[in-house]
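**Q** Below is one structure. I have some questions about it.
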Amino acid sequence: MRDSIELVATCDAAYLQPLRRTVVSCVINNPGETFRLHVLHSTIDAGNLAAMDAFCAAVGVRFEAHAIERAAFEGARSSKRYPQEMYYRMLAAHVLDDIDGRLLYLDPDILVINPLRPLIETDLKGRAFAAASHLDAIHPVTGLNRIRLDTKGAYFNTGVILMDAPAARRVVDPAELMAFAGEHDAEIVFPDQDIFNALYGDQTVEVPDNLWNYDARKYTDYLVRTGGTSTMAWVMEHTGILHYCGRDKPWNPGYRGRFDALYKNYMSIAARADARACGERGGCGQ
């Protein structure tokens, strides 16, 4: 029997609804797999956690919530767009210290549209992480990032991170992470992403973004880059993870992205599952 896929998310209560859609998409498109969802948080109240637990039970996913002490990140750079919770992903292996296999961190603005097992079984070549880059080697921003962060390889997007838990515990020093965040505040543009690349980029295996972290804003770019191969049909058949990057989100009014209808479909499926879970609980705690 295959091991359960251990999913990790870090968010506040505002992102629990999008996270429901991520979870539903995982279940639907990974028949035969079992999932456990770990939510690392610091502000989600008991009612919202109970409702999320009920939702996960309704779709056949085990749920665990892990409270993080906010004081541990006092002084670390954050904002409305980049809240404190963004740092928690890098500490996931330490928080989930009873797991000796692999963890898959997913941002809650993601849909999983094909099986995840090929990603889970990626050869990490002795490194701690696997992630994708949305910038190719010749992109001018790649060079700037290497100068800015003193790195040599790709600039990884941290919306999807595969982690080997024991290796990540050896590589990630929480004290070093927080010290770096404080010492380099002036140079940091995207706090969690910059820190991950600066400290752990050399411990990360690159995986193809068109398979494992497809930027939903850039359909035309992918099409051009692949000489017309990456059509909508190709994406639906081959892409595992579709990431709705950027400020404009598909659950907000006025969104007109190419993958809007797909997202709305999963919104409807998740809403039905949520209604069923609420009925079984005798009401929603939200």
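The chains in the structure tokens are called A, B, ... from first to last as shown; in each chain the residues are counted from 1, and the ligands are counted from 1 in the order shown.
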Excluding region 200-211 of chain A and residues on its chain fewer than 4 positions from it, collect all residues at most 6 Å away from it, counting only C-alpha atoms, and give them as a list in words.
**A**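 Near neighbours after the sequence-gap exclusion: Arg127, Ala128, Phe129, Ala130, Ala131, Ala132, Phe196, Thr239 and Gly240 of chain A.
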**Q** Using C-alpha atoms, can you export the residues from the last selection as a compact mmCIF listing (two decimals), in the first residue's frame?
**A**
```txt
# COMPACT_ATOMS: atom_id res chain seq x y z
CA ARG A 127 19.03 17.32 -1.51
CA ALA A 128 16.28 18.52 0.79
CA PHE A 129 13.82 20.14 -1.64
CA ALA A 130 12.39 20.22 -5.14
CA ALA A 131 10.72 23.29 -6.65
CA ALA A 132 10.11 25.00 -9.98
CA PHE A 196 14.32 30.27 0.59
CA THR A 239 0.19 19.57 -15.98
CA GLY A 240 -0.02 18.40 -12.38
```
**Q** Pick out the residues sitting within 7 Å of Ile68 (chain A), and hand them over as a ChimeraX atom specification; count only C-alpha atoms, and ignore anything fewer than 4 positions along from it in its own chain.
**A** /A:40-42
**Q** Name the closest residue to Arg20 (chain A) among the candidates A:Ile99, A:Ala92, A:Ala175, A:Leu111; distances are taken between atoms, counting only C-alpha atoms.
**A**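 Selected residue with least distance to Arg20 (chain A): A:Leu111.
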**Q** If I take CA of Met232 (chain A) and CA of Leu262 (chain A), how far is one from the other in Å, to one decimal?
**A**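 Computed distance, CA of Met232 (chain A) to CA of Leu262 (chain A), equals 11.5 Å.
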**Q** Hey, can you check how far CA of Val27 (chain A) sits from CA of Arg256 (chain A)?
**A**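 Here the two named atoms are 25.9 Å from each other.
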**Q** Choose the residue, out of A:Gln193, A:Glu64, A:Leu116, A:Val24, that has the smallest atom-to-atom separation from Arg89 (chain A); count only C-alpha atoms.
**A**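 Among the listed residues, the smallest separation from Arg89 (chain A) belongs to A:Gln193.
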**Q** Quick one: pick out all strand (DSSP E) residues within region 5-200 of chain A from a backbone DSSP run and write them as a PyMOL selection string.
**A** chain A and resi 5-10+35-41+61-67+102-106+110-112+129-133+156-164
**Q** Please identify all polymer residues within 10 Å of region 234-237 of chain A, counting only C-alpha atoms, omitting same-chain residues fewer than 5 positions from it, and present them as a PDB file with C-alpha atoms, in the first residue's frame.
**A**
```pdb
ATOM      1  CA  ILE A 113      -5.324  18.699 -12.004  1.00  0.00           C
ATOM      2  CA  ASN A 114      -3.367  15.466 -12.538  1.00  0.00           C
ATOM      3  CA  ASN A 210       4.872  23.600 -16.833  1.00  0.00           C
ATOM      4  CA  LEU A 211       4.264  20.317 -14.985  1.00  0.00           C
ATOM      5  CA  TYR A 214       2.205  26.209 -13.991  1.00  0.00           C
ATOM      6  CA  TYR A 219      -0.728  30.502 -21.031  1.00  0.00           C
ATOM      7  CA  TYR A 222       4.094  28.715 -22.312  1.00  0.00           C
ATOM      8  CA  THR A 229       2.959  22.296 -27.931  1.00  0.00           C
ATOM      9  CA  LEU A 242      -1.895  24.885 -11.750  1.00  0.00           C
TER      10      LEU A 242
END
```
**Q** So which residues touch Ile120 (chain A) within 10 Å, counting only C-alpha atoms, skipping near sequence neighbours fewer than 6 positions away, as a list in words?
**A**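 Contacts, in chain order: Ile5, Glu6, Gly101, Arg102, Leu103, Leu104, Ala130, Leu162, Met163 and Asp164 of chain A.
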**Q** Could you dump the residues just selected with C-alpha atoms as a PDB file, in the first residue's frame?
**A**
```pdb
ATOM      1  CA  ILE A   5       0.626  11.988   0.679  1.00  0.00           C
ATOM      2  CA  GLU A   6       1.414  14.530   3.380  1.00  0.00           C
ATOM      3  CA  GLY A 101       9.029  10.743   4.509  1.00  0.00           C
ATOM      4  CA  ARG A 102       8.126  13.535   2.147  1.00  0.00           C
ATOM      5  CA  LEU A 103       6.031  16.637   2.598  1.00  0.00           C
ATOM      6  CA  LEU A 104       4.380  18.596  -0.203  1.00  0.00           C
ATOM      7  CA  ALA A 130      12.390  20.219  -5.141  1.00  0.00           C
ATOM      8  CA  LEU A 162       8.528  19.086  -2.188  1.00  0.00           C
ATOM      9  CA  MET A 163      10.487  18.362   0.981  1.00  0.00           C
ATOM     10  CA  ASP A 164      12.392  15.378   2.225  1.00  0.00           C
TER      11      ASP A 164
END
```
**Q** How many Å lie between CA of Ile110 (chain A) and CA of Tyr87 (chain A), rounded to one decimal?
**A**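 Going from CA of Ile110 (chain A) over to CA of Tyr87 (chain A), I get 18.2 Å.
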**Q** Using only C-alpha atoms, which of the listed residues (A:Cys11, A:Leu106, A:Asp185, A:Gln17) sits closest to His66 (chain A)?
**A**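 Once distances to His66 (chain A) are computed over only C-alpha atoms, the minimum belongs to A:Cys11.
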